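Colleague: The structure under discussion is supplied below as structure tokens; questions concerning it will follow.
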Amino acid sequence: MSPRILLVDDNEDFLDNIKDVFEDEGYEVLTATSGEGAVQLVKDRPVDVVVMDIKMPGMNGVEAFIEMKKFKPGVKVIMCTAYIVEATIRRALSEGAQAVLNKPFEMEVLFRTVETVLEGGPPCNVLVADRDEEFCNRLGQCLRAHGYQAVTAVYGPEAVTKAGEASFDVLVLDKGLPLLDGLEVYDRIKKMQPNLVAAIITGNAHEMDSRTLRDLRRKPGVVTMKKPFDETELIHLLQDLCFTERQG
Ligand SMILES: [Mg+2]
């Protein structure tokens, strides 16, 4: 049976274009040009995945998603936005959106994201290695609340051991780990798990500009972040990383 997708955007030209593309790929496509219309469709008919613009007149995408969840709690929504309004993106993700795509995006990216969501999407397996145990626990809880699986480690050697015991999609790594430096931990884990992507974090603003971190940032599958950061910001980043990683 072909998957049923609901496309929601107030830009009708855009909607028509992507509708054609999805139909060519064998999807059954429903469309709505407003949040209100989308909510009504989800109420009336089963839908496998919703791709929804955030900024629309009247009810915006996030509000529509919240309404949909009231009667379809498991509804899977990919949000799209041309505006980087962090607060809105954060809200979308904390409400449980599967992903937020920034417009303009390649159709290919949208396709793969939709397919990944239909296949069950992230959760990814995340290894969190940070010397701050409280931070580890908090982040671990936050990740699990978003459907990720998370394992934590506070010492360098412990992180390497855990990476030897299970396979991970993402490594969230404190650069300054005790007993074994974060970068050494990164190298050792990467040897065992070459496909793993990494978010390397530091609490030191100067370090962000250091040669080591700049070199690391240039590698594919590595991002760097400075503490303190919002947990939703990290979740957003992880979603990108997990989708990219799954798409090879
Ligand atoms: Mg719009």
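Chain identifiers are assigned as A, B, and so on, following the order in which chains appear in the structure tokens; residues are numbered from 1 within each chain, and ligands are numbered from 1 in order of appearance.
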Could you pull out the residues sitting within 8 Å of ligand 1, using only C-alpha atoms and all ligand atoms, and write them as a list in words?

Modeller: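 Those residues are Asp9, Asp10, Asn11, Asp53, Ile54, Lys55, Met56, Pro57, Thr81 and Ala82 of chain A.
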
Colleague: Just to be explicit: take each residue in the selection above, keep N, CA and C atoms, and write the result as a short mmCIF file (atom, residue, chain, number, x, y, z; two decimals), in the first residue's frame.

Modeller:
```cif
data_model
loop_
_atom_site.label_atom_id
_atom_site.label_comp_id
_atom_site.auth_asym_id
_atom_site.auth_seq_id
_atom_site.Cartn_x
_atom_site.Cartn_y
_atom_site.Cartn_z
N ASP A 9 1.07 23.77 3.21
CA ASP A 9 1.82 25.01 2.99
C ASP A 9 0.85 26.06 2.45
N ASP A 10 1.02 27.31 2.89
CA ASP A 10 0.13 28.36 2.38
C ASP A 10 0.57 28.82 0.98
N ASN A 11 1.76 28.41 0.56
CA ASN A 11 2.24 28.73 -0.78
C ASN A 11 1.76 27.63 -1.75
N ASP A 53 4.57 23.41 6.66
CA ASP A 53 5.21 24.71 6.80
C ASP A 53 4.90 25.25 8.19
N ILE A 54 5.85 25.97 8.77
CA ILE A 54 5.57 26.55 10.09
C ILE A 54 4.81 27.87 9.95
N LYS A 55 5.32 28.73 9.05
CA LYS A 55 4.73 30.07 8.98
C LYS A 55 3.57 30.10 7.98
N MET A 56 2.37 30.18 8.54
CA MET A 56 1.17 30.27 7.70
C MET A 56 0.24 31.27 8.38
N PRO A 57 -0.57 31.95 7.57
CA PRO A 57 -1.54 32.86 8.21
C PRO A 57 -2.54 32.05 9.03
N THR A 81 10.63 25.41 7.45
CA THR A 81 10.56 26.85 7.67
C THR A 81 11.64 27.59 6.90
N ALA A 82 11.27 28.75 6.39
CA ALA A 82 12.24 29.59 5.70
C ALA A 82 12.85 30.57 6.69
#
```

Colleague: Which of stretch 154-200 of chain A end up as strand (DSSP E) when DSSP is run on this backbone - answer as a PyMOL selection string?

Modeller: chain A and resi 170-174+197-200

Colleague: May I have the residues from that selection written out with N, CA and C atoms, as a PDB file, in the first residue's frame?

Modeller:
```pdb
ATOM      1  N   VAL A 170      25.627   8.424  17.267  1.00  0.00           N
ATOM      2  CA  VAL A 170      26.116   9.770  17.577  1.00  0.00           C
ATOM      3  C   VAL A 170      26.904   9.749  18.882  1.00  0.00           C
ATOM      4  N   LEU A 171      27.975  10.513  18.886  1.00  0.00           N
ATOM      5  CA  LEU A 171      28.765  10.706  20.096  1.00  0.00           C
ATOM      6  C   LEU A 171      28.678  12.178  20.482  1.00  0.00           C
ATOM      7  N   VAL A 172      28.221  12.451  21.713  1.00  0.00           N
ATOM      8  CA  VAL A 172      28.255  13.822  22.232  1.00  0.00           C
ATOM      9  C   VAL A 172      29.405  13.843  23.228  1.00  0.00           C
ATOM     10  N   LEU A 173      30.438  14.607  22.905  1.00  0.00           N
ATOM     11  CA  LEU A 173      31.700  14.437  23.620  1.00  0.00           C
ATOM     12  C   LEU A 173      32.252  15.731  24.183  1.00  0.00           C
ATOM     13  N   ASP A 174      32.514  15.724  25.463  1.00  0.00           N
ATOM     14  CA  ASP A 174      33.205  16.818  26.139  1.00  0.00           C
ATOM     15  C   ASP A 174      34.677  16.754  25.732  1.00  0.00           C
ATOM     16  N   VAL A 197      28.750   9.885  13.994  1.00  0.00           N
ATOM     17  CA  VAL A 197      28.921  11.330  13.893  1.00  0.00           C
ATOM     18  C   VAL A 197      29.083  11.905  15.305  1.00  0.00           C
ATOM     19  N   ALA A 198      29.725  13.055  15.387  1.00  0.00           N
ATOM     20  CA  ALA A 198      30.078  13.551  16.714  1.00  0.00           C
ATOM     21  C   ALA A 198      29.749  15.025  16.892  1.00  0.00           C
ATOM     22  N   ALA A 199      29.220  15.341  18.081  1.00  0.00           N
ATOM     23  CA  ALA A 199      29.082  16.736  18.507  1.00  0.00           C
ATOM     24  C   ALA A 199      30.089  16.921  19.629  1.00  0.00           C
ATOM     25  N   ILE A 200      31.092  17.735  19.380  1.00  0.00           N
ATOM     26  CA  ILE A 200      32.140  17.921  20.386  1.00  0.00           C
ATOM     27  C   ILE A 200      31.877  19.225  21.125  1.00  0.00           C
TER      28      ILE A 200
END
```

Colleague: Set the distance at 9 Å and use only C-alpha atoms: which residues neighbour A:Leu177 once local chain neighbours fewer than 2 positions away are removed? I'd like the list as a ChimeraX atom specification.

Modeller: /A:129-131,154-156,173-175,179-183,185

Colleague: May I have the residues within 12 Å of A:Glu12 as a ChimeraX atom specification, using only C-alpha atoms and disregarding those fewer than 4 positions away in the same chain?

Modeller: /A:7-8,16-19,31-34,53,56

Colleague: Please report, as a PyMOL selection string, each residue of stretch 8-190 of chain A to which DSSP assigns helix (DSSP H, G or I) when run on this structure's backbone.

Modeller: chain A and resi 12-24+35-44+61-71+86-94+107-118+133-145+156-165+182-190

Colleague: Give me, as a list in words, all polymer residues having an atom no more than 12 Å from A:Leu237, counting only C-alpha atoms and skipping those fewer than 5 positions away in the same chain.

Modeller: Ile89, Arg90, Leu93, Ala99, Val100, Leu101, Leu143, Val170, Val172, Val197, Ala198, Ala199, Ile200, Gly221, Val222, Val223, Thr224, Met225, Phe229, Asp230, Glu231, Thr232, Cys242, Phe243 and Thr244 of chain A

Colleague: Those residues with C-alpha atoms, as a PDB file, in the first residue's frame please?

Modeller:
```pdb
ATOM      1  CA  ILE A  89      11.978  25.659  16.027  1.00  0.00           C
ATOM      2  CA  ARG A  90      12.630  24.783  19.654  1.00  0.00           C
ATOM      3  CA  LEU A  93      10.990  19.998  18.491  1.00  0.00           C
ATOM      4  CA  ALA A  99      12.552  17.017  12.092  1.00  0.00           C
ATOM      5  CA  VAL A 100      12.698  20.660  11.116  1.00  0.00           C
ATOM      6  CA  LEU A 101      13.940  21.381   7.603  1.00  0.00           C
ATOM      7  CA  LEU A 143      17.329  12.471  24.839  1.00  0.00           C
ATOM      8  CA  VAL A 170      26.116   9.770  17.577  1.00  0.00           C
ATOM      9  CA  VAL A 172      28.255  13.822  22.232  1.00  0.00           C
ATOM     10  CA  VAL A 197      28.921  11.330  13.893  1.00  0.00           C
ATOM     11  CA  ALA A 198      30.078  13.551  16.714  1.00  0.00           C
ATOM     12  CA  ALA A 199      29.082  16.736  18.507  1.00  0.00           C
ATOM     13  CA  ILE A 200      32.140  17.921  20.386  1.00  0.00           C
ATOM     14  CA  GLY A 221      30.060  14.333  10.577  1.00  0.00           C
ATOM     15  CA  VAL A 222      31.595  16.568  13.237  1.00  0.00           C
ATOM     16  CA  VAL A 223      30.035  19.631  14.797  1.00  0.00           C
ATOM     17  CA  THR A 224      31.297  21.619  17.748  1.00  0.00           C
ATOM     18  CA  MET A 225      29.237  23.368  20.409  1.00  0.00           C
ATOM     19  CA  PHE A 229      23.631  25.391  25.254  1.00  0.00           C
ATOM     20  CA  ASP A 230      19.969  24.779  25.197  1.00  0.00           C
ATOM     21  CA  GLU A 231      19.108  21.091  25.207  1.00  0.00           C
ATOM     22  CA  THR A 232      16.588  21.555  22.429  1.00  0.00           C
ATOM     23  CA  CYS A 242      20.939  11.284  12.666  1.00  0.00           C
ATOM     24  CA  PHE A 243      19.102  11.915   9.424  1.00  0.00           C
ATOM     25  CA  THR A 244      22.347  12.632   7.608  1.00  0.00           C
TER      26      THR A 244
END
```
